>>> print(open('work37.txt').read())   # compact mmCIF, C-alpha atoms
# COMPACT_ATOMS: atom_id res chain seq x y z
CA MET A 998 -27.01 15.38 -13.45
CA ALA A 999 -26.88 11.84 -12.04
CA THR A 1000 -23.93 11.05 -14.30
CA SER A 1001 -22.12 14.12 -13.01
CA MET A 1002 -22.80 13.17 -9.38
CA ASN A 1003 -21.57 9.61 -9.94
CA SER A 1004 -18.45 11.00 -11.58
CA ASP A 1005 -17.87 13.30 -8.62
CA ARG A 1006 -18.29 10.41 -6.18
CA ALA A 1007 -15.84 8.29 -8.18
CA ALA A 1008 -13.33 11.13 -8.24
CA ALA A 1009 -13.73 11.67 -4.49
CA SER A 1010 -13.34 7.97 -3.84
CA GLN A 1011 -10.20 7.82 -5.95
CA GLU A 1012 -8.80 10.88 -4.17
CA ALA A 1013 -9.49 9.26 -0.79
CA ARG A 1014 -7.69 6.12 -1.83
CA SER A 1015 -4.69 8.06 -3.14
CA CYS A 1016 -4.52 10.02 0.11
CA LEU A 1017 -3.76 6.77 1.89
CA VAL A 1018 -0.17 7.12 0.66
CA GLU A 1019 1.97 9.26 2.91
CA GLY A 1020 5.63 10.16 3.05
CA TYR A 1021 8.15 11.80 0.76
CA ALA A 1022 9.75 11.26 -2.65
CA HIS A 1023 12.34 13.52 -4.26
CA ASP A 1024 11.10 15.07 -7.50
CA ARG A 1025 13.49 12.88 -9.49
CA PHE A 1026 11.62 9.85 -8.16
CA ALA A 1027 8.12 11.06 -9.08
CA ASP A 1028 7.59 8.01 -11.29
CA VAL A 1029 8.49 5.73 -8.37
CA ARG A 1030 5.88 7.44 -6.22
CA ARG A 1031 3.29 7.18 -9.00
CA ILE A 1032 3.77 3.41 -9.30
CA PHE A 1033 3.59 2.93 -5.53
CA GLU A 1034 0.40 5.00 -5.30
CA GLU A 1035 -1.18 3.08 -8.18
CA ASN A 1036 -0.45 -0.22 -6.44
CA ILE A 1037 -2.28 0.97 -3.32
CA ARG A 1038 -5.11 2.61 -5.25
CA ASP A 1039 -5.71 -0.40 -7.50
CA GLY A 1040 -5.50 -2.96 -4.70
CA VAL A 1041 -2.29 -4.54 -5.97
CA ASP A 1042 -1.06 -3.83 -2.45
CA VAL A 1043 -3.31 -3.76 0.61
CA GLY A 1044 -0.65 -2.05 2.72
CA ALA A 1045 2.99 -1.42 1.91
CA SER A 1046 6.07 0.70 2.44
CA LEU A 1047 8.88 1.70 0.08
CA THR A 1048 12.16 3.41 0.92
CA VAL A 1049 15.21 4.28 -1.17
CA ALA A 1050 18.37 5.73 0.35
CA VAL A 1051 21.17 7.25 -1.73
CA ALA A 1052 24.45 8.11 -0.01
CA GLY A 1053 22.60 7.53 3.27
CA GLU A 1054 19.85 10.07 2.47
CA LEU A 1055 16.24 8.91 2.19
CA VAL A 1056 15.20 10.09 -1.29
CA VAL A 1057 12.01 8.00 -1.24
CA ASP A 1058 10.15 7.14 1.96
CA LEU A 1059 6.55 6.14 1.36
CA TRP A 1060 3.89 4.12 3.14
CA GLY A 1061 0.21 3.61 2.64
CA GLY A 1062 -2.85 1.41 2.48
CA TRP A 1063 -4.10 -0.77 5.30
CA SER A 1064 -2.42 -2.92 7.92
CA ASP A 1065 -5.29 -5.40 8.06
CA ALA A 1066 -7.26 -7.48 5.58
CA GLY A 1067 -10.50 -5.74 6.54
CA ARG A 1068 -9.01 -2.36 5.61
CA THR A 1069 -9.94 -0.77 8.93
CA ARG A 1070 -6.48 0.22 10.23
CA PRO A 1071 -4.28 2.51 8.10
CA TRP A 1072 -0.67 1.49 7.53
CA GLN A 1073 1.37 3.81 9.71
CA GLN A 1074 4.88 5.19 9.38
CA ASP A 1075 6.08 2.74 12.04
CA THR A 1076 4.02 -0.32 11.01
CA LEU A 1077 6.07 -3.51 11.12
CA VAL A 1078 5.55 -6.62 9.02
CA ASN A 1079 7.14 -10.02 8.58
CA VAL A 1080 9.59 -9.82 5.66
CA TYR A 1081 10.46 -13.53 5.60
CA SER A 1082 13.79 -14.16 3.84
CA VAL A 1083 14.85 -10.52 3.78
CA SER A 1084 15.70 -11.50 7.38
CA LYS A 1085 18.63 -13.47 5.94
CA THR A 1086 20.30 -10.28 4.73
CA MET A 1087 20.32 -8.87 8.27
CA ALA A 1088 21.81 -12.10 9.60
CA ALA A 1089 24.44 -11.98 6.84
CA MET A 1090 25.38 -8.39 7.73
CA THR A 1091 25.84 -9.49 11.33
CA ILE A 1092 28.22 -12.23 10.18
CA LEU A 1093 30.15 -9.71 8.04
CA LEU A 1094 30.46 -7.39 11.02
CA LEU A 1095 31.74 -10.20 13.27
CA ALA A 1096 34.18 -11.24 10.55
CA ASP A 1097 35.41 -7.66 10.32
CA LYS A 1098 36.06 -7.77 14.07
CA ALA A 1099 37.94 -11.09 13.60
CA VAL A 1100 35.39 -12.91 15.75
CA LEU A 1101 34.40 -15.13 12.82
CA ASP A 1102 36.18 -16.29 9.68
CA PRO A 1103 34.02 -17.35 6.70
CA ASP A 1104 36.80 -19.70 5.58
CA ALA A 1105 36.91 -21.49 8.95
CA THR A 1106 35.09 -24.75 9.42
CA VAL A 1107 31.76 -24.63 11.18
CA ALA A 1108 33.08 -27.32 13.53
CA PHE A 1109 35.81 -24.94 14.69
CA TYR A 1110 33.09 -22.95 16.46
CA TRP A 1111 30.55 -25.76 16.91
CA PRO A 1112 32.40 -29.06 17.49
CA GLU A 1113 29.29 -31.27 17.43
CA PHE A 1114 28.67 -30.14 13.86
CA ALA A 1115 31.56 -32.29 12.60
CA GLN A 1116 29.33 -35.40 12.79
CA SER A 1117 28.08 -37.28 9.74
CA GLY A 1118 30.58 -36.08 7.16
CA LYS A 1119 30.41 -32.34 7.92
CA LYS A 1120 33.91 -31.84 9.30
CA GLU A 1121 35.01 -29.72 6.32
CA VAL A 1122 31.87 -27.59 5.95
CA ARG A 1123 32.88 -23.92 6.04
CA LEU A 1124 31.01 -20.92 7.36
CA ARG A 1125 30.97 -19.53 3.82
CA HIS A 1126 29.07 -22.64 2.73
CA LEU A 1127 26.31 -21.74 5.18
CA LEU A 1128 26.23 -18.16 3.89
CA ALA A 1129 26.04 -19.32 0.26
CA HIS A 1130 23.40 -22.04 0.72
CA SER A 1131 25.80 -24.78 -0.34
CA ALA A 1132 26.25 -26.76 2.92
CA GLY A 1133 23.81 -29.50 1.92
CA LEU A 1134 21.52 -28.83 4.89
CA SER A 1135 18.52 -27.33 3.14
CA GLY A 1136 16.08 -29.11 5.46
CA TRP A 1137 15.78 -31.52 8.35
CA LYS A 1138 15.82 -35.30 7.90
CA GLU A 1139 14.30 -36.08 11.30
CA PRO A 1140 10.60 -35.18 11.69
CA MET A 1141 9.97 -31.56 12.70
CA ALA A 1142 6.68 -30.04 13.87
CA THR A 1143 5.99 -26.39 13.18
CA THR A 1144 6.26 -25.68 16.91
CA ASP A 1145 9.80 -27.12 16.81
CA LEU A 1146 10.84 -23.93 15.02
CA PHE A 1147 10.49 -22.29 18.45
CA ASP A 1148 12.84 -24.89 19.99
CA TRP A 1149 16.37 -23.66 19.30
CA GLU A 1150 18.12 -26.63 20.89
CA LYS A 1151 16.13 -29.22 18.97
CA ALA A 1152 16.42 -27.44 15.62
CA THR A 1153 20.19 -26.96 15.86
CA THR A 1154 20.98 -30.34 17.46
CA LEU A 1155 19.23 -32.23 14.65
CA LEU A 1156 21.13 -30.24 12.01
CA ALA A 1157 24.43 -30.96 13.77
CA ARG A 1158 23.70 -34.70 13.73
CA GLN A 1159 22.50 -35.18 10.20
CA GLN A 1160 24.36 -36.01 7.02
CA PRO A 1161 24.27 -33.43 4.19
CA TYR A 1162 21.89 -34.01 1.31
CA TRP A 1163 24.72 -33.31 -1.16
CA GLU A 1164 28.47 -32.76 -1.02
CA PRO A 1165 28.99 -29.43 0.76
CA GLY A 1166 30.39 -26.71 -1.48
CA SER A 1167 29.60 -28.56 -4.70
CA ALA A 1168 26.27 -26.91 -5.58
CA PRO A 1169 23.80 -24.31 -4.30
CA GLY A 1170 20.57 -25.43 -2.66
CA TYR A 1171 18.45 -22.83 -0.90
CA HIS A 1172 18.52 -23.21 2.90
CA GLY A 1173 15.15 -21.49 3.31
CA ILE A 1174 14.62 -22.01 7.04
CA THR A 1175 17.71 -23.86 8.22
CA GLN A 1176 20.21 -21.13 7.37
CA GLY A 1177 19.12 -18.96 10.27
CA PHE A 1178 19.56 -21.76 12.79
CA LEU A 1179 22.94 -22.73 11.35
CA LEU A 1180 24.36 -19.20 11.30
CA GLY A 1181 22.77 -18.39 14.63
CA GLU A 1182 24.35 -21.36 16.38
CA VAL A 1183 27.79 -20.50 14.98
CA VAL A 1184 27.37 -16.99 16.40
CA ARG A 1185 26.12 -18.32 19.72
CA ARG A 1186 29.08 -20.67 20.06
CA ALA A 1187 31.61 -17.99 19.06
CA THR A 1188 30.23 -15.12 21.15
CA GLY A 1189 27.90 -16.55 23.79
CA GLU A 1190 25.13 -14.30 22.44
CA MET A 1191 22.18 -14.76 20.12
CA LEU A 1192 22.65 -13.37 16.62
CA GLY A 1193 19.53 -11.21 16.89
CA ASP A 1194 20.83 -9.47 20.00
CA ILE A 1195 24.12 -8.62 18.31
CA PHE A 1196 22.31 -7.35 15.22
CA GLN A 1197 20.11 -5.10 17.36
CA ARG A 1198 22.99 -3.64 19.37
CA GLU A 1199 25.67 -3.34 16.68
CA ILE A 1200 23.66 -2.55 13.54
CA ALA A 1201 19.99 -1.70 14.04
CA GLU A 1202 20.30 0.71 16.96
CA PRO A 1203 23.33 2.67 15.68
CA LEU A 1204 21.66 3.11 12.29
CA GLY A 1205 18.21 3.87 13.68
CA ALA A 1206 16.81 0.89 11.77
CA ASP A 1207 13.52 -0.36 13.23
CA PHE A 1208 14.22 -3.97 12.24
CA HIS A 1209 14.01 -6.90 14.65
CA LEU A 1210 15.38 -10.44 14.57
CA GLY A 1211 13.32 -11.55 17.53
CA LEU A 1212 10.76 -8.87 18.37
CA ASP A 1213 10.38 -7.50 21.88
CA PRO A 1214 6.69 -8.05 22.82
CA VAL A 1215 6.39 -4.32 23.55
CA HIS A 1216 6.40 -3.73 19.77
CA HIS A 1217 3.97 -6.47 18.81
CA ALA A 1218 0.97 -4.14 18.54
CA ARG A 1219 2.65 -2.46 15.57
CA VAL A 1220 2.81 -5.68 13.53
CA ALA A 1221 0.59 -6.03 10.46
CA PRO A 1222 -0.29 -9.72 9.98
CA MET A 1223 0.37 -11.17 6.54
CA ILE A 1224 -2.56 -11.71 4.19
CA ALA A 1225 -2.62 -14.94 2.19
CA GLU A 1226 -2.85 -14.15 -1.51
CA ARG A 1227 -5.92 -15.37 -3.28
CA THR A 1228 -4.65 -18.12 -5.55
CA HIS A 1229 -1.47 -19.51 -4.09
CA ASP A 1230 0.22 -19.44 -0.69
CA GLY A 1231 3.64 -21.04 -0.76
CA PRO A 1232 7.04 -21.17 -2.42
CA PRO A 1233 7.62 -20.45 -6.16
CA ARG A 1234 5.47 -22.50 -8.50
CA GLY A 1235 6.80 -25.12 -10.87
CA THR A 1236 7.69 -28.77 -10.59
CA PRO A 1237 8.98 -29.10 -7.02
CA THR A 1238 12.25 -30.89 -6.38
CA GLU A 1239 12.41 -33.55 -3.68
CA LEU A 1240 14.56 -31.21 -1.63
CA MET A 1241 12.01 -28.41 -1.96
CA ILE A 1242 9.24 -30.75 -0.83
CA ASN A 1243 11.35 -31.66 2.19
CA ALA A 1244 12.14 -28.01 2.95
CA VAL A 1245 8.50 -26.89 2.97
CA THR A 1246 6.84 -29.97 4.47
CA ASN A 1247 9.21 -30.89 7.33
CA PRO A 1248 7.92 -28.94 9.12
CA LEU A 1249 4.83 -27.99 7.11
CA LEU A 1250 5.51 -24.30 6.46
CA TYR A 1251 2.45 -23.26 4.47
CA PRO A 1252 -0.01 -21.91 5.43
CA PHE A 1253 1.61 -21.88 8.89
CA MET A 1254 4.16 -19.20 7.99
CA THR A 1255 1.40 -16.86 6.84
CA GLU A 1256 -1.02 -17.50 9.68
CA ALA A 1257 1.63 -17.35 12.42
CA THR A 1258 2.91 -13.88 11.52
CA GLY A 1259 0.29 -12.19 13.66
CA THR A 1260 1.19 -14.12 16.80
CA ALA A 1261 3.56 -12.92 19.51
CA GLU A 1262 5.15 -16.37 19.69
CA TRP A 1263 6.25 -16.18 16.05
CA THR A 1264 7.45 -12.58 16.06
CA ALA A 1265 9.55 -13.07 19.21
CA ALA A 1266 11.17 -16.33 18.09
CA HIS A 1267 14.75 -16.79 16.87
CA ILE A 1268 13.98 -17.87 13.30
CA TYR A 1269 16.63 -15.70 11.69
CA ALA A 1270 15.99 -16.90 8.14
CA ALA A 1271 12.28 -16.11 8.09
CA ASN A 1272 10.69 -14.08 10.90
CA GLY A 1273 12.41 -10.69 10.79
CA GLN A 1274 10.03 -7.82 11.55
CA GLY A 1275 10.60 -4.51 9.83
CA ASN A 1276 9.46 -2.14 7.11
CA ALA A 1277 10.94 -0.57 4.00
CA ARG A 1278 12.64 2.23 5.92
CA SER A 1279 14.37 -0.15 8.29
CA ILE A 1280 15.56 -2.34 5.41
CA ALA A 1281 16.96 0.61 3.48
CA LYS A 1282 18.54 2.22 6.55
CA ALA A 1283 20.22 -1.01 7.64
CA HIS A 1284 21.54 -1.76 4.15
CA ALA A 1285 22.76 1.80 3.72
CA LEU A 1286 25.70 0.54 5.76
CA LEU A 1287 26.73 -1.76 2.90
CA ALA A 1288 25.81 0.73 0.19
CA ASN A 1289 28.13 3.34 1.68
CA GLY A 1290 31.18 1.22 2.34
CA GLY A 1291 30.45 0.65 6.03
CA GLU A 1292 30.09 4.30 7.06
CA VAL A 1293 26.80 6.17 7.55
CA GLY A 1294 26.36 9.64 9.00
CA GLY A 1295 30.08 9.95 9.68
CA ARG A 1296 30.11 6.80 11.79
CA ARG A 1297 32.00 3.72 10.60
CA LEU A 1298 30.58 0.38 11.71
CA LEU A 1299 32.08 -1.90 9.05
CA SER A 1300 35.14 -1.77 6.82
CA GLU A 1301 34.66 -1.17 3.11
CA ALA A 1302 36.60 -4.35 2.38
CA TRP A 1303 34.07 -6.49 4.25
CA CYS A 1304 31.16 -4.68 2.59
CA ARG A 1305 32.58 -5.63 -0.78
CA ARG A 1306 33.23 -9.22 0.31
CA ALA A 1307 29.47 -9.71 0.06
CA LEU A 1308 29.85 -9.30 -3.72
CA LYS A 1309 32.35 -12.12 -4.07
CA LEU A 1310 30.83 -15.07 -5.90
CA GLN A 1311 30.82 -18.15 -3.70
CA ILE A 1312 28.88 -20.58 -5.88
CA GLU A 1313 26.68 -20.67 -8.96
CA GLY A 1314 24.72 -23.27 -10.87
CA LEU A 1315 21.39 -25.06 -10.72
CA ASP A 1316 19.90 -24.64 -7.26
CA LEU A 1317 19.13 -28.16 -6.08
CA VAL A 1318 16.19 -26.98 -3.96
CA LEU A 1319 14.57 -24.32 -6.14
CA GLY A 1320 15.36 -26.07 -9.43
CA MET A 1321 16.58 -22.89 -11.14
CA PRO A 1322 19.97 -21.23 -11.78
CA ALA A 1323 21.41 -19.39 -8.79
CA ARG A 1324 24.38 -17.16 -7.97
CA PHE A 1325 25.28 -16.53 -4.34
CA GLY A 1326 27.78 -14.17 -2.80
CA LEU A 1327 28.63 -14.06 0.88
CA GLY A 1328 25.14 -14.09 2.35
CA PHE A 1329 23.33 -12.42 -0.57
CA GLY A 1330 22.06 -13.24 -4.03
CA LEU A 1331 23.99 -11.82 -6.97
CA PRO A 1332 22.49 -10.51 -10.24
CA GLY A 1333 21.73 -13.13 -12.87
CA ASP A 1334 18.69 -15.11 -13.91
CA TRP A 1335 16.82 -14.14 -10.75
CA LEU A 1336 17.41 -10.41 -11.03
CA GLU A 1337 18.61 -8.26 -13.92
CA ALA A 1338 20.67 -5.32 -12.70
CA PRO A 1339 22.43 -2.50 -14.57
CA HIS A 1340 25.81 -3.71 -13.31
CA SER A 1341 27.41 -6.38 -11.14
CA ASP A 1342 27.95 -4.31 -7.99
CA CYS A 1343 24.56 -5.26 -6.58
CA ILE A 1344 23.49 -7.69 -3.87
CA PHE A 1345 19.92 -8.56 -2.98
CA TRP A 1346 17.47 -10.96 -1.50
CA PRO A 1347 13.66 -11.18 -1.56
CA GLY A 1348 11.20 -12.38 1.02
CA SER A 1349 8.51 -14.96 0.37
CA GLY A 1350 5.39 -13.25 -0.92
CA GLY A 1351 6.98 -10.03 -2.10
CA ALA A 1352 9.29 -8.17 0.32
CA MET A 1353 12.57 -7.03 -1.24
CA SER A 1354 15.99 -5.76 -0.26
CA LEU A 1355 18.70 -4.58 -2.65
CA VAL A 1356 22.02 -2.81 -2.27
CA ASP A 1357 23.65 -1.05 -5.23
CA LEU A 1358 27.21 -0.40 -4.08
CA ARG A 1359 28.11 1.55 -7.21
CA ALA A 1360 25.20 4.00 -6.83
CA ARG A 1361 25.48 3.93 -3.01
CA MET A 1362 21.80 3.05 -3.02
CA SER A 1363 19.78 0.80 -0.73
CA PHE A 1364 16.22 -0.25 -1.54
CA GLY A 1365 13.57 -1.67 0.76
CA TYR A 1366 10.01 -2.78 0.05
CA ALA A 1367 7.67 -4.46 2.53
CA MET A 1368 3.98 -5.28 2.30
CA ASN A 1369 1.28 -7.41 3.92
CA GLN A 1370 -0.42 -8.88 0.81
CA ARG A 1371 1.45 -11.97 -0.35
CA GLY A 1372 2.08 -12.05 -4.09
CA GLY A 1373 1.14 -14.98 -6.27
CA SER A 1374 3.34 -14.61 -9.34
CA GLY A 1375 5.33 -17.77 -8.63
CA THR A 1376 8.60 -15.96 -9.36
CA LEU A 1377 11.44 -15.64 -6.87
CA VAL A 1378 11.38 -11.82 -7.08
CA ASP A 1379 7.86 -10.40 -7.00
CA PRO A 1380 6.89 -8.10 -9.92
CA ARG A 1381 5.77 -5.31 -7.55
CA PRO A 1382 9.20 -4.42 -6.12
CA MET A 1383 10.87 -5.14 -9.48
CA LYS A 1384 8.73 -2.54 -11.23
CA LEU A 1385 9.56 -0.04 -8.50
CA LEU A 1386 13.24 -0.94 -8.60
CA ARG A 1387 13.46 -0.40 -12.37
CA ALA A 1388 11.92 3.04 -11.90
CA VAL A 1389 14.49 3.77 -9.18
CA TRP A 1390 17.37 2.81 -11.47
CA ALA A 1391 15.89 4.93 -14.26
CA ALA A 1392 15.79 7.91 -11.90
CA LEU A 1393 19.33 7.27 -10.70
CA SER A 1394 20.60 7.36 -14.29
CA ASP A 1395 19.59 11.04 -14.35
CA PHE A 1396 21.72 11.97 -11.32
>>> encode(input="work37.txt", output="structure tokens")
Amino acid sequence: MATSMNSDRAAASQEARSCLVEGYAHDRFADVRRIFEENIRDGVDVGASLTVAVAGELVVDLWGGWSDAGRTRPWQQDTLVNVYSVSKTMAAMTILLLADKAVLDPDATVAFYWPEFAQSGKKEVRLRHLLAHSAGLSGWKEPMATTDLFDWEKATTLLARQQPYWEPGSAPGYHGITQGFLLGEVVRRATGEMLGDIFQREIAEPLGADFHLGLDPVHHARVAPMIAERTHDGPPRGTPTELMINAVTNPLLYPFMTEATGTAEWTAAHIYAANGQGNARSIAKAHALLANGGEVGGRRLLSEAWCRRALKLQIEGLDLVLGMPARFGLGFGLPGDWLEAPHSDCIFWPGSGGAMSLVDLRARMSFGYAMNQRGGSGTLVDPRPMKLLRAVWAALSDF
């Protein structure tokens, strides 16, 4: 009798945990839902969201778990979370949109828009070098405090003054934090506006994507703070390069970038490479624009030609910062050692700790995954979204 009662309690407990997952998944994506539910049930994820759009339709839209480490507040449909470097993909889309409008030209020199940038041997650095992490400005040379990330003028002025760490355009080297300041200042000089404001007006709002590059304080209560993973809180493991050490210690990013995510000062700042606030649905809805050739719901925001420009290889080789092979298109990573894809018409980028964005232009599919429990695998792309993504591709092969 006692054994039966314990079994009943265990079954009830398991059912309660599984009920924490809400949302919808098309029958073809039942395996995707199963994996997501198992991650929540087994504690692989504390709280998370997963969305897949095909031809602009949400075929998977799931959320579940808890928005806090104490597991007292359920993850809601509109919960927001810091997605770190997935932010870069939204900044890149904004650049593509401005290029489509002939406001920016990726082949133009950065100094054409930002004259002070020509200092210290950077006269010939191109906008496309910034987009492809090959400008040689992966970190600051002058001392930076973490609070200096909130000082736009200081962060950009120091980058304009300094000499590149390597010959621009000759090799990739991940611009983990600096890319957002570099791209943002080009946009500010060319338009008189901040990149995040243009993204909100021209992309997020028309697409109904609840993603923010600089969060209005009115939304801050919806933010789920990041949870430091148990064994490691930082960039990918391995023997760090000197440039990686510079990038993560000047300023000292970890554990600051985890702890700061729950503060209004961080979420509202203009750190376009790292502090975007969103969820899986907002990632997938925003990137549906690229997946569908620039037109969603009968409304064209971007030409198909500029969507496909993101696929064009800009540089490949050993990444001088991460110490591993890299392939970069125009603002996005391309399939290769970092990510195996069923074909080459895919662009992607992950966020530190686990968040993931991917666009499959051939399948017209956009994929978004966001969570609050940082992963500790030490790989660039976290195993959690990769397992889900493989299941998505398996389901798509049946369409």
>>> residues_around(input="work37.txt", residues="Arg1125 of chain A", least_positions_apart="3", cutoff="12 Å", atoms="all atoms listed in the file", output="PDB file with C-alpha atoms, in the coordinates of the input")
ATOM      1  CA  ALA A1089      24.440 -11.980   6.840  1.00  0.00           C
ATOM      2  CA  ILE A1092      28.220 -12.230  10.180  1.00  0.00           C
ATOM      3  CA  LEU A1093      30.150  -9.710   8.040  1.00  0.00           C
ATOM      4  CA  ALA A1096      34.180 -11.240  10.550  1.00  0.00           C
ATOM      5  CA  LEU A1101      34.400 -15.130  12.820  1.00  0.00           C
ATOM      6  CA  ASP A1102      36.180 -16.290   9.680  1.00  0.00           C
ATOM      7  CA  PRO A1103      34.020 -17.350   6.700  1.00  0.00           C
ATOM      8  CA  ASP A1104      36.800 -19.700   5.580  1.00  0.00           C
ATOM      9  CA  ALA A1105      36.910 -21.490   8.950  1.00  0.00           C
ATOM     10  CA  THR A1106      35.090 -24.750   9.420  1.00  0.00           C
ATOM     11  CA  VAL A1107      31.760 -24.630  11.180  1.00  0.00           C
ATOM     12  CA  GLU A1121      35.010 -29.720   6.320  1.00  0.00           C
ATOM     13  CA  VAL A1122      31.870 -27.590   5.950  1.00  0.00           C
ATOM     14  CA  LEU A1128      26.230 -18.160   3.890  1.00  0.00           C
ATOM     15  CA  ALA A1129      26.040 -19.320   0.260  1.00  0.00           C
ATOM     16  CA  HIS A1130      23.400 -22.040   0.720  1.00  0.00           C
ATOM     17  CA  SER A1131      25.800 -24.780  -0.340  1.00  0.00           C
ATOM     18  CA  ALA A1132      26.250 -26.760   2.920  1.00  0.00           C
ATOM     19  CA  PRO A1165      28.990 -29.430   0.760  1.00  0.00           C
ATOM     20  CA  GLY A1166      30.390 -26.710  -1.480  1.00  0.00           C
ATOM     21  CA  PRO A1169      23.800 -24.310  -4.300  1.00  0.00           C
ATOM     22  CA  GLN A1176      20.210 -21.130   7.370  1.00  0.00           C
ATOM     23  CA  LEU A1179      22.940 -22.730  11.350  1.00  0.00           C
ATOM     24  CA  LEU A1180      24.360 -19.200  11.300  1.00  0.00           C
ATOM     25  CA  VAL A1183      27.790 -20.500  14.980  1.00  0.00           C
ATOM     26  CA  ARG A1306      33.230  -9.220   0.310  1.00  0.00           C
ATOM     27  CA  ALA A1307      29.470  -9.710   0.060  1.00  0.00           C
ATOM     28  CA  LYS A1309      32.350 -12.120  -4.070  1.00  0.00           C
ATOM     29  CA  LEU A1310      30.830 -15.070  -5.900  1.00  0.00           C
ATOM     30  CA  GLN A1311      30.820 -18.150  -3.700  1.00  0.00           C
ATOM     31  CA  ILE A1312      28.880 -20.580  -5.880  1.00  0.00           C
ATOM     32  CA  PHE A1325      25.280 -16.530  -4.340  1.00  0.00           C
ATOM     33  CA  GLY A1326      27.780 -14.170  -2.800  1.00  0.00           C
ATOM     34  CA  LEU A1327      28.630 -14.060   0.880  1.00  0.00           C
ATOM     35  CA  GLY A1328      25.140 -14.090   2.350  1.00  0.00           C
ATOM     36  CA  PHE A1329      23.330 -12.420  -0.570  1.00  0.00           C
TER      37      PHE A1329
END
>>> atom_distance(input="work37.txt", atom1="atom CA of His1216 of chain A", atom2="atom CA of Tyr1251 of chain A")
25.1 Å
>>> closest_residue(input="work37.txt", among="A:Phe1253, A:Trp1063, A:Trp1111, A:Phe1196", to="Gly1040 of chain A", atoms="only C-alpha atoms")
A:Trp1063
>>> atom_distance(input="work37.txt", atom1="atom CA of Val1029 of chain A", atom2="atom CA of Ala1388 of chain A")
5.6 Å
>>> closest_residue(input="work37.txt", among="A:Ala1108, A:Ala1045, A:Val1057, A:Ala1283", to="Ala1221 of chain A", atoms="all atoms listed in the file")
A:Ala1045
>>> atom_distance(input="work37.txt", atom1="atom CA of His1217 of chain A", atom2="atom CA of Ile1195 of chain A")
20.3 Å
>>> residues_around(input="work37.txt", residues="Glu1239 of chain A", least_positions_apart="3", cutoff="12 Å", atoms="all atoms listed in the file", output="PyMOL selection string")
chain A and resi 1135-1136+1162+1170+1236+1242-1247+1317-1320
>>> closest_residue(input="work37.txt", among="A:Val1378, A:Val1389, A:Pro1252, A:Ala1281", to="Asp1024 of chain A", atoms="all atoms listed in the file")
A:Val1389
>>> residues_around(input="work37.txt", residues="Ala1088 of chain A", least_positions_apart="5", cutoff="8 Å", atoms="only C-alpha atoms", output="ChimeraX atom specification")
/A:1177,1180,1192-1193,1196,1269-1270
>>> closest_residue(input="work37.txt", among="A:Asp1357, A:Met1191, A:Gly1275, A:Asn1289", to="Trp1303 of chain A", atoms="all atoms listed in the file")
A:Asn1289
>>> build_atoms(input="work37.txt", residues="segment 1050-1061 of chain A", atoms="N, CA and C atoms", output="PDB file, in the frame of the given file")
ATOM      1  N   ALA A1050      17.341   4.838  -0.206  1.00  0.00           N
ATOM      2  CA  ALA A1050      18.370   5.730   0.350  1.00  0.00           C
ATOM      3  C   ALA A1050      19.515   5.819  -0.650  1.00  0.00           C
ATOM      4  N   VAL A1051      20.009   7.026  -0.878  1.00  0.00           N
ATOM      5  CA  VAL A1051      21.170   7.250  -1.730  1.00  0.00           C
ATOM      6  C   VAL A1051      22.183   8.044  -0.926  1.00  0.00           C
ATOM      7  N   ALA A1052      23.391   7.502  -0.824  1.00  0.00           N
ATOM      8  CA  ALA A1052      24.450   8.110  -0.010  1.00  0.00           C
ATOM      9  C   ALA A1052      23.957   8.352   1.426  1.00  0.00           C
ATOM     10  N   GLY A1053      23.108   7.445   1.905  1.00  0.00           N
ATOM     11  CA  GLY A1053      22.600   7.530   3.270  1.00  0.00           C
ATOM     12  C   GLY A1053      21.401   8.430   3.445  1.00  0.00           C
ATOM     13  N   GLU A1054      21.002   9.170   2.392  1.00  0.00           N
ATOM     14  CA  GLU A1054      19.850  10.070   2.470  1.00  0.00           C
ATOM     15  C   GLU A1054      18.609   9.372   1.934  1.00  0.00           C
ATOM     16  N   LEU A1055      17.492   9.504   2.638  1.00  0.00           N
ATOM     17  CA  LEU A1055      16.240   8.910   2.190  1.00  0.00           C
ATOM     18  C   LEU A1055      15.649   9.777   1.088  1.00  0.00           C
ATOM     19  N   VAL A1056      15.738   9.323  -0.152  1.00  0.00           N
ATOM     20  CA  VAL A1056      15.200  10.090  -1.290  1.00  0.00           C
ATOM     21  C   VAL A1056      13.777   9.648  -1.611  1.00  0.00           C
ATOM     22  N   VAL A1057      13.391   8.474  -1.158  1.00  0.00           N
ATOM     23  CA  VAL A1057      12.010   8.000  -1.240  1.00  0.00           C
ATOM     24  C   VAL A1057      11.684   7.345   0.097  1.00  0.00           C
ATOM     25  N   ASP A1058      10.574   7.740   0.694  1.00  0.00           N
ATOM     26  CA  ASP A1058      10.150   7.140   1.960  1.00  0.00           C
ATOM     27  C   ASP A1058       8.629   7.216   2.010  1.00  0.00           C
ATOM     28  N   LEU A1059       7.989   6.148   1.539  1.00  0.00           N
ATOM     29  CA  LEU A1059       6.550   6.140   1.360  1.00  0.00           C
ATOM     30  C   LEU A1059       5.898   4.978   2.114  1.00  0.00           C
ATOM     31  N   TRP A1060       4.683   5.190   2.541  1.00  0.00           N
ATOM     32  CA  TRP A1060       3.890   4.120   3.140  1.00  0.00           C
ATOM     33  C   TRP A1060       2.419   4.417   2.886  1.00  0.00           C
ATOM     34  N   GLY A1061       1.622   3.367   2.884  1.00  0.00           N
ATOM     35  CA  GLY A1061       0.210   3.610   2.640  1.00  0.00           C
ATOM     36  C   GLY A1061      -0.620   2.353   2.625  1.00  0.00           C
TER      37      GLY A1061
END
